[in-house]
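Visitor: One structure is given below, represented as structure tokens, and several questions about it will come after.
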Amino acid sequence: DAGITQSPRHKVTETGTPVTLRCHQTENHRYMYWYRQDPGHGLRLIHYSYGVKDTDKGEVSDGYSVSRSKTEDFLLTLESATSSQTSVYFCAISESTGFYGYTFGSGTRLTVV
Amino acid sequence: GQQLNQSPQSMFIQEGEDVSMNCTSSSIFNTWLWYKQDPGEGPVLLIALYKAGELTSNGRLTAQFGITRKDSFLNISASIPSDVGIYFCAGTLIQGAQKLVFGQGTRLTINP
């Protein structure tokens, strides 16, 4: 396996509460990504990182923030969760040179009630 | 917004049938990738294509990078029950860029 883990795997939270999802990799890959998956929309990029403390927004970044203080960890935070953020969240990593596709984690299913 | 149009959105076939799905875009892509997602798991890379016209096989799977660089297809021959899942196309718009754009996915269901 690729050495990428997401935690938690499942979470139910209440509207308005902060939530942090964690992605941890053991591959020392430079690039890390957060996607959300919703029916009919495929995978949409939320934020990505191209190095420690280097992050940028994706196409659906509103309501989300990220942090990367170490190469191996990429955190996704929902400052105040809303029902529209109920989704499955995937973290992905890619190698620092060349381009051979992403390796995905197993996902976090988040339900906001 | 979404820059890749993947079709069909779903397929219901009999075991043993061949499957064909494709992705199109109005933009030019420099890389095309095909992923498969099993239930409860993240997508897994099946095939990567890097040159226009490239045809690549991986077992019963065959994929091609369109000559116009705006499309790609994936074929699965002689489908088996473990082929069930969601198939995603993905591509990169800019040479060397590390961001993938994904299609909406094709959900494949197989009747034994």
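Naming scheme: A, B, ... for chains in displayed order of the structure tokens; residues 1 onward per chain; ligands 1 onward as shown.
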So that I can check the surroundings of stretch 81-86 of chain A, please list as a PDB file with all heavy atoms, in the first residue's frame every protein, DNA and RNA residue that reaches within 10 Å of it, counting only C-alpha atoms and ignoring chain neighbours fewer than 2 positions away.
Guide:
ATOM      1  N   LYS A  11     -17.307  10.480  10.345  1.00  0.00           N
ATOM      2  CA  LYS A  11     -17.586  11.464  11.389  1.00  0.00           C
ATOM      3  C   LYS A  11     -18.949  12.067  11.157  1.00  0.00           C
ATOM      4  O   LYS A  11     -19.312  12.406  10.024  1.00  0.00           O
ATOM      5  CB  LYS A  11     -16.526  12.554  11.415  1.00  0.00           C
ATOM      6  CG  LYS A  11     -16.708  13.534  12.577  1.00  0.00           C
ATOM      7  CD  LYS A  11     -15.547  14.459  12.729  1.00  0.00           C
ATOM      8  CE  LYS A  11     -15.740  15.384  13.933  1.00  0.00           C
ATOM      9  NZ  LYS A  11     -15.732  14.609  15.207  1.00  0.00           N
ATOM     10  N   VAL A  12     -19.680  12.206  12.254  1.00  0.00           N
ATOM     11  CA  VAL A  12     -20.949  12.933  12.238  1.00  0.00           C
ATOM     12  C   VAL A  12     -20.771  14.142  13.144  1.00  0.00           C
ATOM     13  O   VAL A  12     -20.320  13.999  14.286  1.00  0.00           O
ATOM     14  CB  VAL A  12     -22.110  12.047  12.731  1.00  0.00           C
ATOM     15  CG1 VAL A  12     -23.413  12.851  12.719  1.00  0.00           C
ATOM     16  CG2 VAL A  12     -22.243  10.799  11.879  1.00  0.00           C
ATOM     17  N   THR A  13     -21.133  15.297  12.645  1.00  0.00           N
ATOM     18  CA  THR A  13     -20.959  16.506  13.432  1.00  0.00           C
ATOM     19  C   THR A  13     -22.178  17.399  13.272  1.00  0.00           C
ATOM     20  O   THR A  13     -22.985  17.215  12.348  1.00  0.00           O
ATOM     21  CB  THR A  13     -19.686  17.257  12.999  1.00  0.00           C
ATOM     22  OG1 THR A  13     -19.393  18.280  13.958  1.00  0.00           O
ATOM     23  CG2 THR A  13     -19.859  17.897  11.629  1.00  0.00           C
ATOM     24  N   GLU A  14     -22.293  18.355  14.156  1.00  0.00           N
ATOM     25  CA  GLU A  14     -23.440  19.255  14.109  1.00  0.00           C
ATOM     26  C   GLU A  14     -23.096  20.524  13.333  1.00  0.00           C
ATOM     27  O   GLU A  14     -21.942  20.979  13.318  1.00  0.00           O
ATOM     28  CB  GLU A  14     -23.894  19.610  15.521  1.00  0.00           C
ATOM     29  CG  GLU A  14     -24.462  18.435  16.292  1.00  0.00           C
ATOM     30  CD  GLU A  14     -25.007  18.844  17.639  1.00  0.00           C
ATOM     31  OE1 GLU A  14     -24.775  19.996  18.043  1.00  0.00           O
ATOM     32  OE2 GLU A  14     -25.674  18.010  18.277  1.00  0.00           O
ATOM     33  N   THR A  15     -24.102  21.082  12.709  1.00  0.00           N
ATOM     34  CA  THR A  15     -23.935  22.345  11.995  1.00  0.00           C
ATOM     35  C   THR A  15     -23.336  23.402  12.904  1.00  0.00           C
ATOM     36  O   THR A  15     -23.746  23.538  14.065  1.00  0.00           O
ATOM     37  CB  THR A  15     -25.293  22.830  11.462  1.00  0.00           C
ATOM     38  OG1 THR A  15     -25.808  21.856  10.547  1.00  0.00           O
ATOM     39  CG2 THR A  15     -25.155  24.150  10.745  1.00  0.00           C
ATOM     40  N   GLY A  16     -22.346  24.101  12.384  1.00  0.00           N
ATOM     41  CA  GLY A  16     -21.729  25.183  13.135  1.00  0.00           C
ATOM     42  C   GLY A  16     -20.501  24.790  13.926  1.00  0.00           C
ATOM     43  O   GLY A  16     -19.793  25.663  14.441  1.00  0.00           O
ATOM     44  N   THR A  17     -20.210  23.513  14.017  1.00  0.00           N
ATOM     45  CA  THR A  17     -19.042  23.082  14.782  1.00  0.00           C
ATOM     46  C   THR A  17     -17.820  23.004  13.872  1.00  0.00           C
ATOM     47  O   THR A  17     -17.939  22.748  12.675  1.00  0.00           O
ATOM     48  CB  THR A  17     -19.272  21.719  15.427  1.00  0.00           C
ATOM     49  OG1 THR A  17     -19.530  20.753  14.395  1.00  0.00           O
ATOM     50  CG2 THR A  17     -20.453  21.756  16.372  1.00  0.00           C
ATOM     51  N   PRO A  18     -16.637  23.221  14.425  1.00  0.00           N
ATOM     52  CA  PRO A  18     -15.413  23.060  13.625  1.00  0.00           C
ATOM     53  C   PRO A  18     -15.055  21.590  13.496  1.00  0.00           C
ATOM     54  O   PRO A  18     -15.286  20.799  14.410  1.00  0.00           O
ATOM     55  CB  PRO A  18     -14.371  23.830  14.434  1.00  0.00           C
ATOM     56  CG  PRO A  18     -14.864  23.751  15.835  1.00  0.00           C
ATOM     57  CD  PRO A  18     -16.361  23.718  15.768  1.00  0.00           C
ATOM     58  N   VAL A  19     -14.492  21.237  12.346  1.00  0.00           N
ATOM     59  CA  VAL A  19     -14.087  19.861  12.094  1.00  0.00           C
ATOM     60  C   VAL A  19     -12.724  19.875  11.413  1.00  0.00           C
ATOM     61  O   VAL A  19     -12.501  20.690  10.510  1.00  0.00           O
ATOM     62  CB  VAL A  19     -15.090  19.148  11.160  1.00  0.00           C
ATOM     63  CG1 VAL A  19     -14.618  17.742  10.835  1.00  0.00           C
ATOM     64  CG2 VAL A  19     -16.482  19.131  11.772  1.00  0.00           C
ATOM     65  N   ARG A  36     -13.258  16.565  -2.552  1.00  0.00           N
ATOM     66  CA  ARG A  36     -14.531  16.070  -2.063  1.00  0.00           C
ATOM     67  C   ARG A  36     -15.245  15.359  -3.205  1.00  0.00           C
ATOM     68  O   ARG A  36     -15.110  15.739  -4.379  1.00  0.00           O
ATOM     69  CB  ARG A  36     -15.403  17.174  -1.479  1.00  0.00           C
ATOM     70  CG  ARG A  36     -15.798  18.280  -2.406  1.00  0.00           C
ATOM     71  CD  ARG A  36     -16.719  19.287  -1.684  1.00  0.00           C
ATOM     72  NE  ARG A  36     -18.047  18.726  -1.421  1.00  0.00           N
ATOM     73  CZ  ARG A  36     -18.997  19.334  -0.724  1.00  0.00           C
ATOM     74  NH1 ARG A  36     -18.781  20.536  -0.216  1.00  0.00           N
ATOM     75  NH2 ARG A  36     -20.174  18.771  -0.547  1.00  0.00           N
ATOM     76  N   GLN A  37     -15.983  14.323  -2.849  1.00  0.00           N
ATOM     77  CA  GLN A  37     -16.705  13.547  -3.848  1.00  0.00           C
ATOM     78  C   GLN A  37     -18.182  13.577  -3.535  1.00  0.00           C
ATOM     79  O   GLN A  37     -18.614  13.202  -2.441  1.00  0.00           O
ATOM     80  CB  GLN A  37     -16.228  12.084  -3.869  1.00  0.00           C
ATOM     81  CG  GLN A  37     -16.909  11.264  -4.946  1.00  0.00           C
ATOM     82  CD  GLN A  37     -16.405   9.838  -5.003  1.00  0.00           C
ATOM     83  OE1 GLN A  37     -15.794   9.339  -4.071  1.00  0.00           O
ATOM     84  NE2 GLN A  37     -16.630   9.174  -6.124  1.00  0.00           N
ATOM     85  N   ASP A  38     -18.950  14.029  -4.513  1.00  0.00           N
ATOM     86  CA  ASP A  38     -20.398  14.108  -4.388  1.00  0.00           C
ATOM     87  C   ASP A  38     -21.028  13.515  -5.640  1.00  0.00           C
ATOM     88  O   ASP A  38     -20.483  13.668  -6.741  1.00  0.00           O
ATOM     89  CB  ASP A  38     -20.844  15.559  -4.235  1.00  0.00           C
ATOM     90  CG  ASP A  38     -20.168  16.254  -3.061  1.00  0.00           C
ATOM     91  OD1 ASP A  38     -20.516  15.912  -1.927  1.00  0.00           O
ATOM     92  OD2 ASP A  38     -19.293  17.114  -3.289  1.00  0.00           O
ATOM     93  N   GLY A  63     -15.201  27.963   2.649  1.00  0.00           N
ATOM     94  CA  GLY A  63     -15.621  27.261   3.859  1.00  0.00           C
ATOM     95  C   GLY A  63     -14.595  26.276   4.375  1.00  0.00           C
ATOM     96  O   GLY A  63     -14.821  25.638   5.410  1.00  0.00           O
ATOM     97  N   TYR A  64     -13.462  26.171   3.671  1.00  0.00           N
ATOM     98  CA  TYR A  64     -12.407  25.230   4.055  1.00  0.00           C
ATOM     99  C   TYR A  64     -11.076  25.972   4.205  1.00  0.00           C
ATOM    100  O   TYR A  64     -10.801  26.921   3.474  1.00  0.00           O
ATOM    101  CB  TYR A  64     -12.212  24.149   3.004  1.00  0.00           C
ATOM    102  CG  TYR A  64     -13.411  23.311   2.684  1.00  0.00           C
ATOM    103  CD1 TYR A  64     -14.247  23.636   1.614  1.00  0.00           C
ATOM    104  CD2 TYR A  64     -13.716  22.177   3.432  1.00  0.00           C
ATOM    105  CE1 TYR A  64     -15.340  22.868   1.300  1.00  0.00           C
ATOM    106  CE2 TYR A  64     -14.807  21.390   3.117  1.00  0.00           C
ATOM    107  CZ  TYR A  64     -15.621  21.744   2.044  1.00  0.00           C
ATOM    108  OH  TYR A  64     -16.707  20.966   1.732  1.00  0.00           O
ATOM    109  N   THR A  77      -9.610  21.771   7.469  1.00  0.00           N
ATOM    110  CA  THR A  77     -10.478  22.260   8.534  1.00  0.00           C
ATOM    111  C   THR A  77     -11.719  22.912   7.966  1.00  0.00           C
ATOM    112  O   THR A  77     -11.630  23.743   7.058  1.00  0.00           O
ATOM    113  CB  THR A  77      -9.742  23.258   9.435  1.00  0.00           C
ATOM    114  OG1 THR A  77      -8.641  22.604  10.064  1.00  0.00           O
ATOM    115  CG2 THR A  77     -10.681  23.801  10.520  1.00  0.00           C
ATOM    116  N   LEU A  78     -12.850  22.506   8.499  1.00  0.00           N
ATOM    117  CA  LEU A  78     -14.110  23.180   8.237  1.00  0.00           C
ATOM    118  C   LEU A  78     -14.351  24.049   9.467  1.00  0.00           C
ATOM    119  O   LEU A  78     -14.601  23.538  10.560  1.00  0.00           O
ATOM    120  CB  LEU A  78     -15.248  22.179   8.063  1.00  0.00           C
ATOM    121  CG  LEU A  78     -15.271  21.303   6.825  1.00  0.00           C
ATOM    122  CD1 LEU A  78     -14.104  20.313   6.781  1.00  0.00           C
ATOM    123  CD2 LEU A  78     -16.593  20.553   6.732  1.00  0.00           C
ATOM    124  N   GLU A  79     -14.243  25.348   9.318  1.00  0.00           N
ATOM    125  CA  GLU A  79     -14.299  26.231  10.479  1.00  0.00           C
ATOM    126  C   GLU A  79     -15.657  26.189  11.168  1.00  0.00           C
ATOM    127  O   GLU A  79     -15.748  26.227  12.386  1.00  0.00           O
ATOM    128  CB  GLU A  79     -13.969  27.664  10.047  1.00  0.00           C
ATOM    129  CG  GLU A  79     -12.597  27.823   9.414  1.00  0.00           C
ATOM    130  CD  GLU A  79     -11.448  27.635  10.408  1.00  0.00           C
ATOM    131  OE1 GLU A  79     -11.718  27.612  11.628  1.00  0.00           O
ATOM    132  OE2 GLU A  79     -10.308  27.505   9.965  1.00  0.00           O
ATOM    133  N   VAL A  88     -17.930  12.928   0.983  1.00  0.00           N
ATOM    134  CA  VAL A  88     -16.789  12.049   1.218  1.00  0.00           C
ATOM    135  C   VAL A  88     -15.544  12.812   0.800  1.00  0.00           C
ATOM    136  O   VAL A  88     -15.469  13.322  -0.323  1.00  0.00           O
ATOM    137  CB  VAL A  88     -16.906  10.730   0.437  1.00  0.00           C
ATOM    138  CG1 VAL A  88     -15.701   9.844   0.736  1.00  0.00           C
ATOM    139  CG2 VAL A  88     -18.198  10.009   0.789  1.00  0.00           C
ATOM    140  N   TYR A  89     -14.587  12.886   1.702  1.00  0.00           N
ATOM    141  CA  TYR A  89     -13.373  13.657   1.476  1.00  0.00           C
ATOM    142  C   TYR A  89     -12.195  12.717   1.242  1.00  0.00           C
ATOM    143  O   TYR A  89     -11.970  11.777   2.008  1.00  0.00           O
ATOM    144  CB  TYR A  89     -13.089  14.564   2.673  1.00  0.00           C
ATOM    145  CG  TYR A  89     -14.108  15.662   2.810  1.00  0.00           C
ATOM    146  CD1 TYR A  89     -15.314  15.453   3.497  1.00  0.00           C
ATOM    147  CD2 TYR A  89     -13.894  16.913   2.226  1.00  0.00           C
ATOM    148  CE1 TYR A  89     -16.260  16.452   3.596  1.00  0.00           C
ATOM    149  CE2 TYR A  89     -14.833  17.920   2.328  1.00  0.00           C
ATOM    150  CZ  TYR A  89     -16.021  17.675   3.015  1.00  0.00           C
ATOM    151  OH  TYR A  89     -16.963  18.675   3.104  1.00  0.00           O
ATOM    152  N   ARG A 109     -15.824   9.867   5.423  1.00  0.00           N
ATOM    153  CA  ARG A 109     -17.231  10.194   5.180  1.00  0.00           C
ATOM    154  C   ARG A 109     -17.702  11.123   6.287  1.00  0.00           C
ATOM    155  O   ARG A 109     -17.749  10.730   7.456  1.00  0.00           O
ATOM    156  CB  ARG A 109     -18.088   8.934   5.146  1.00  0.00           C
ATOM    157  CG  ARG A 109     -19.563   9.211   4.861  1.00  0.00           C
ATOM    158  CD  ARG A 109     -20.357   7.921   4.677  1.00  0.00           C
ATOM    159  NE  ARG A 109     -19.925   7.192   3.490  1.00  0.00           N
ATOM    160  CZ  ARG A 109     -20.352   7.440   2.258  1.00  0.00           C
ATOM    161  NH1 ARG A 109     -21.239   8.417   2.048  1.00  0.00           N
ATOM    162  NH2 ARG A 109     -19.921   6.714   1.246  1.00  0.00           N
ATOM    163  N   LEU A 110     -18.025  12.353   5.919  1.00  0.00           N
ATOM    164  CA  LEU A 110     -18.438  13.369   6.884  1.00  0.00           C
ATOM    165  C   LEU A 110     -19.917  13.675   6.703  1.00  0.00           C
ATOM    166  O   LEU A 110     -20.367  13.974   5.589  1.00  0.00           O
ATOM    167  CB  LEU A 110     -17.630  14.654   6.708  1.00  0.00           C
ATOM    168  CG  LEU A 110     -18.022  15.827   7.605  1.00  0.00           C
ATOM    169  CD1 LEU A 110     -17.705  15.507   9.065  1.00  0.00           C
ATOM    170  CD2 LEU A 110     -17.326  17.106   7.174  1.00  0.00           C
ATOM    171  N   THR A 111     -20.650  13.599   7.790  1.00  0.00           N
ATOM    172  CA  THR A 111     -22.073  13.954   7.780  1.00  0.00           C
ATOM    173  C   THR A 111     -22.272  15.123   8.730  1.00  0.00           C
ATOM    174  O   THR A 111     -21.902  15.039   9.907  1.00  0.00           O
ATOM    175  CB  THR A 111     -22.948  12.772   8.215  1.00  0.00           C
ATOM    176  OG1 THR A 111     -22.701  11.659   7.346  1.00  0.00           O
ATOM    177  CG2 THR A 111     -24.419  13.139   8.149  1.00  0.00           C
ATOM    178  N   VAL A 112     -22.870  16.187   8.214  1.00  0.00           N
ATOM    179  CA  VAL A 112     -23.158  17.364   9.032  1.00  0.00           C
ATOM    180  C   VAL A 112     -24.674  17.417   9.241  1.00  0.00           C
ATOM    181  O   VAL A 112     -25.442  17.519   8.280  1.00  0.00           O
ATOM    182  CB  VAL A 112     -22.662  18.654   8.370  1.00  0.00           C
ATOM    183  CG1 VAL A 112     -22.925  19.851   9.286  1.00  0.00           C
ATOM    184  CG2 VAL A 112     -21.182  18.547   8.036  1.00  0.00           C
ATOM    185  N   VAL A 113     -25.078  17.322  10.508  1.00  0.00           N
ATOM    186  CA  VAL A 113     -26.524  17.269  10.802  1.00  0.00           C
ATOM    187  C   VAL A 113     -27.009  18.562  11.459  1.00  0.00           C
ATOM    188  O   VAL A 113     -26.216  19.338  11.976  1.00  0.00           O
ATOM    189  CB  VAL A 113     -26.862  16.060  11.697  1.00  0.00           C
ATOM    190  CG1 VAL A 113     -26.510  14.773  10.978  1.00  0.00           C
ATOM    191  CG2 VAL A 113     -26.129  16.156  13.032  1.00  0.00           C
TER     192      VAL A 113
END
Visitor: Mind listing as number ranges by chain which residues of chain B are within 10 Å of chain A, counting only C-alpha atoms?
Guide: B: 1-2, 6, 9, 31-35, 37, 39-50, 86-92, 95-106
Visitor: Please dump the current selection as a short mmCIF file (atom, residue, chain, number, x, y, z; two decimals), in the first residue's frame; keep N, CA and C atoms.
Guide:
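For reference, result.cif as written:
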data_model
loop_
_atom_site.label_atom_id
_atom_site.label_comp_id
_atom_site.auth_asym_id
_atom_site.auth_seq_id
_atom_site.Cartn_x
_atom_site.Cartn_y
_atom_site.Cartn_z
N GLY B 1 -14.90 25.31 -12.83
CA GLY B 1 -15.95 24.32 -12.99
C GLY B 1 -15.45 23.08 -13.69
N GLN B 2 -16.34 22.13 -13.90
CA GLN B 2 -15.99 20.86 -14.49
C GLN B 2 -15.56 21.05 -15.93
N GLN B 6 -17.66 13.14 -18.96
CA GLN B 6 -17.49 11.70 -19.03
C GLN B 6 -18.82 11.04 -19.31
N GLN B 9 -22.89 8.07 -17.76
CA GLN B 9 -22.82 8.25 -16.31
C GLN B 9 -22.98 6.93 -15.60
N THR B 31 -2.06 15.11 -20.34
CA THR B 31 -2.02 13.78 -19.73
C THR B 31 -3.44 13.31 -19.54
N TRP B 32 -3.67 12.03 -19.80
CA TRP B 32 -4.97 11.43 -19.49
C TRP B 32 -4.74 10.23 -18.59
N LEU B 33 -5.58 10.13 -17.57
CA LEU B 33 -5.47 9.02 -16.63
C LEU B 33 -6.85 8.42 -16.43
N TRP B 34 -6.87 7.12 -16.17
CA TRP B 34 -8.12 6.44 -15.84
C TRP B 34 -7.96 5.78 -14.48
N TYR B 35 -8.97 6.04 -13.63
CA TYR B 35 -8.99 5.50 -12.28
C TYR B 35 -10.24 4.64 -12.09
N GLN B 37 -12.71 3.22 -8.80
CA GLN B 37 -13.01 3.33 -7.38
C GLN B 37 -13.93 2.21 -6.96
N PRO B 39 -16.24 0.41 -3.93
CA PRO B 39 -17.06 0.97 -2.85
C PRO B 39 -16.27 1.13 -1.55
N GLY B 40 -16.37 2.31 -0.94
CA GLY B 40 -15.73 2.55 0.34
C GLY B 40 -14.23 2.78 0.27
N GLU B 41 -13.70 2.91 -0.94
CA GLU B 41 -12.27 3.11 -1.10
C GLU B 41 -11.98 4.32 -1.97
N GLY B 42 -10.71 4.72 -1.98
CA GLY B 42 -10.31 5.80 -2.87
C GLY B 42 -10.03 5.28 -4.26
N PRO B 43 -10.01 6.17 -5.26
CA PRO B 43 -9.71 5.76 -6.63
C PRO B 43 -8.29 5.19 -6.75
N VAL B 44 -8.16 4.23 -7.64
CA VAL B 44 -6.87 3.60 -7.89
C VAL B 44 -6.54 3.76 -9.36
N LEU B 45 -5.31 4.13 -9.65
CA LEU B 45 -4.90 4.36 -11.03
C LEU B 45 -4.87 3.07 -11.82
N LEU B 46 -5.51 3.11 -13.01
CA LEU B 46 -5.53 1.95 -13.91
C LEU B 46 -4.52 2.12 -15.04
N ILE B 47 -4.65 3.24 -15.73
CA ILE B 47 -3.83 3.48 -16.92
C ILE B 47 -3.50 4.96 -17.00
N ALA B 48 -2.28 5.26 -17.42
CA ALA B 48 -1.84 6.64 -17.65
C ALA B 48 -1.39 6.78 -19.09
N LEU B 49 -1.76 7.90 -19.72
CA LEU B 49 -1.45 8.16 -21.13
C LEU B 49 -0.78 9.52 -21.22
N TYR B 50 0.32 9.58 -21.99
CA TYR B 50 1.11 10.81 -21.99
C TYR B 50 1.28 11.44 -23.38
N ILE B 86 -16.81 2.56 -9.87
CA ILE B 86 -16.91 3.84 -10.57
C ILE B 86 -15.58 4.10 -11.26
N TYR B 87 -15.64 4.44 -12.53
CA TYR B 87 -14.45 4.72 -13.32
C TYR B 87 -14.39 6.22 -13.57
N PHE B 88 -13.23 6.79 -13.30
CA PHE B 88 -13.02 8.22 -13.52
C PHE B 88 -11.93 8.44 -14.55
N CYS B 89 -12.19 9.38 -15.46
CA CYS B 89 -11.11 9.89 -16.27
C CYS B 89 -10.56 11.13 -15.57
N ALA B 90 -9.32 11.45 -15.85
CA ALA B 90 -8.69 12.63 -15.27
C ALA B 90 -7.60 13.10 -16.21
N GLY B 91 -7.28 14.37 -16.13
CA GLY B 91 -6.24 14.88 -17.00
C GLY B 91 -5.60 16.13 -16.44
N THR B 92 -4.46 16.45 -17.01
CA THR B 92 -3.76 17.68 -16.65
C THR B 92 -3.79 18.63 -17.84
N GLN B 95 1.40 21.40 -19.08
CA GLN B 95 2.54 20.50 -19.05
C GLN B 95 3.23 20.58 -17.71
N GLY B 96 3.41 19.45 -17.05
CA GLY B 96 4.11 19.39 -15.79
C GLY B 96 3.30 19.82 -14.59
N ALA B 97 2.06 20.26 -14.79
CA ALA B 97 1.25 20.71 -13.66
C ALA B 97 0.91 19.52 -12.77
N GLN B 98 0.77 19.77 -11.52
CA GLN B 98 0.49 18.70 -10.58
C GLN B 98 -0.95 18.69 -10.11
N LYS B 99 -1.86 19.25 -10.89
CA LYS B 99 -3.27 19.23 -10.53
C LYS B 99 -4.06 18.48 -11.58
N LEU B 100 -4.84 17.53 -11.12
CA LEU B 100 -5.69 16.76 -12.01
C LEU B 100 -7.10 17.32 -12.03
N VAL B 101 -7.70 17.26 -13.22
CA VAL B 101 -9.13 17.57 -13.36
C VAL B 101 -9.82 16.24 -13.60
N PHE B 102 -10.93 16.01 -12.88
CA PHE B 102 -11.62 14.72 -12.97
C PHE B 102 -12.94 14.84 -13.72
N GLY B 103 -13.30 13.76 -14.40
CA GLY B 103 -14.63 13.63 -14.95
C GLY B 103 -15.61 13.25 -13.84
N GLN B 104 -16.90 13.19 -14.21
CA GLN B 104 -17.94 12.95 -13.21
C GLN B 104 -18.02 11.48 -12.81
N GLY B 105 -17.40 10.62 -13.58
CA GLY B 105 -17.41 9.20 -13.26
C GLY B 105 -18.44 8.42 -14.03
N THR B 106 -18.14 7.15 -14.29
CA THR B 106 -19.07 6.19 -14.90
C THR B 106 -19.25 5.04 -13.92
#
Visitor: Ranking B:Leu93, B:Asn111, B:Ser77, B:Asp83 by minimum distance to B:Asp18 and counting only C-alpha atoms, which one comes first?
Guide: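 Smallest separation from B:Asp18 among the options: B:Ser77.
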Visitor: Taking only C-alpha atoms into account, name the residue in A:Ser87, A:Thr5, A:Ser80, A:Gln25 that is nearest to A:Arg68.
Guide: A:Gln25
Visitor: Using DSSP on the backbone coordinates, identify the residues of chain A assigned to strand (DSSP E or B); present them as JSON, numbers by chain.
Guide: {"A": [4, 5, 6, 7, 10, 11, 12, 13, 19, 20, 21, 22, 23, 24, 25, 31, 32, 33, 34, 35, 36, 37, 38, 42, 43, 44, 45, 46, 47, 48, 49, 50, 51, 54, 55, 56, 57, 64, 65, 66, 67, 68, 69, 70, 73, 74, 75, 76, 77, 78, 87, 88, 89, 90, 91, 92, 93, 94, 103, 104, 108, 109, 110, 111, 112]}
Visitor: Report, in Å with one decimal, the straight-line distance from atom CA of B:Glu15 to atom CA of B:Asn75.
Guide: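 Value for the atom CA of B:Glu15-atom CA of B:Asn75 distance: 14.5 Å.
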Visitor: Rank nothing, just name the residue among A:Lys70, A:Asp56, A:Leu76, A:His10 nearest to A:Arg30, using only C-alpha atoms.
Guide: A:Lys70
Visitor: Work out how far apart atom CA of B:Pro81 and atom CA of B:Thr62 are and give it in Å to one decimal.
Guide: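 One can read the atom CA of B:Pro81 to atom CA of B:Thr62 distance as 17.9 Å.
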Visitor: Between B:Gly53, B:Ser79, B:Asp71, B:Pro112, which is the closest to B:Ser7 once you count only C-alpha atoms?
Guide: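 For B:Ser7, the nearest of the given residues is B:Asp71.
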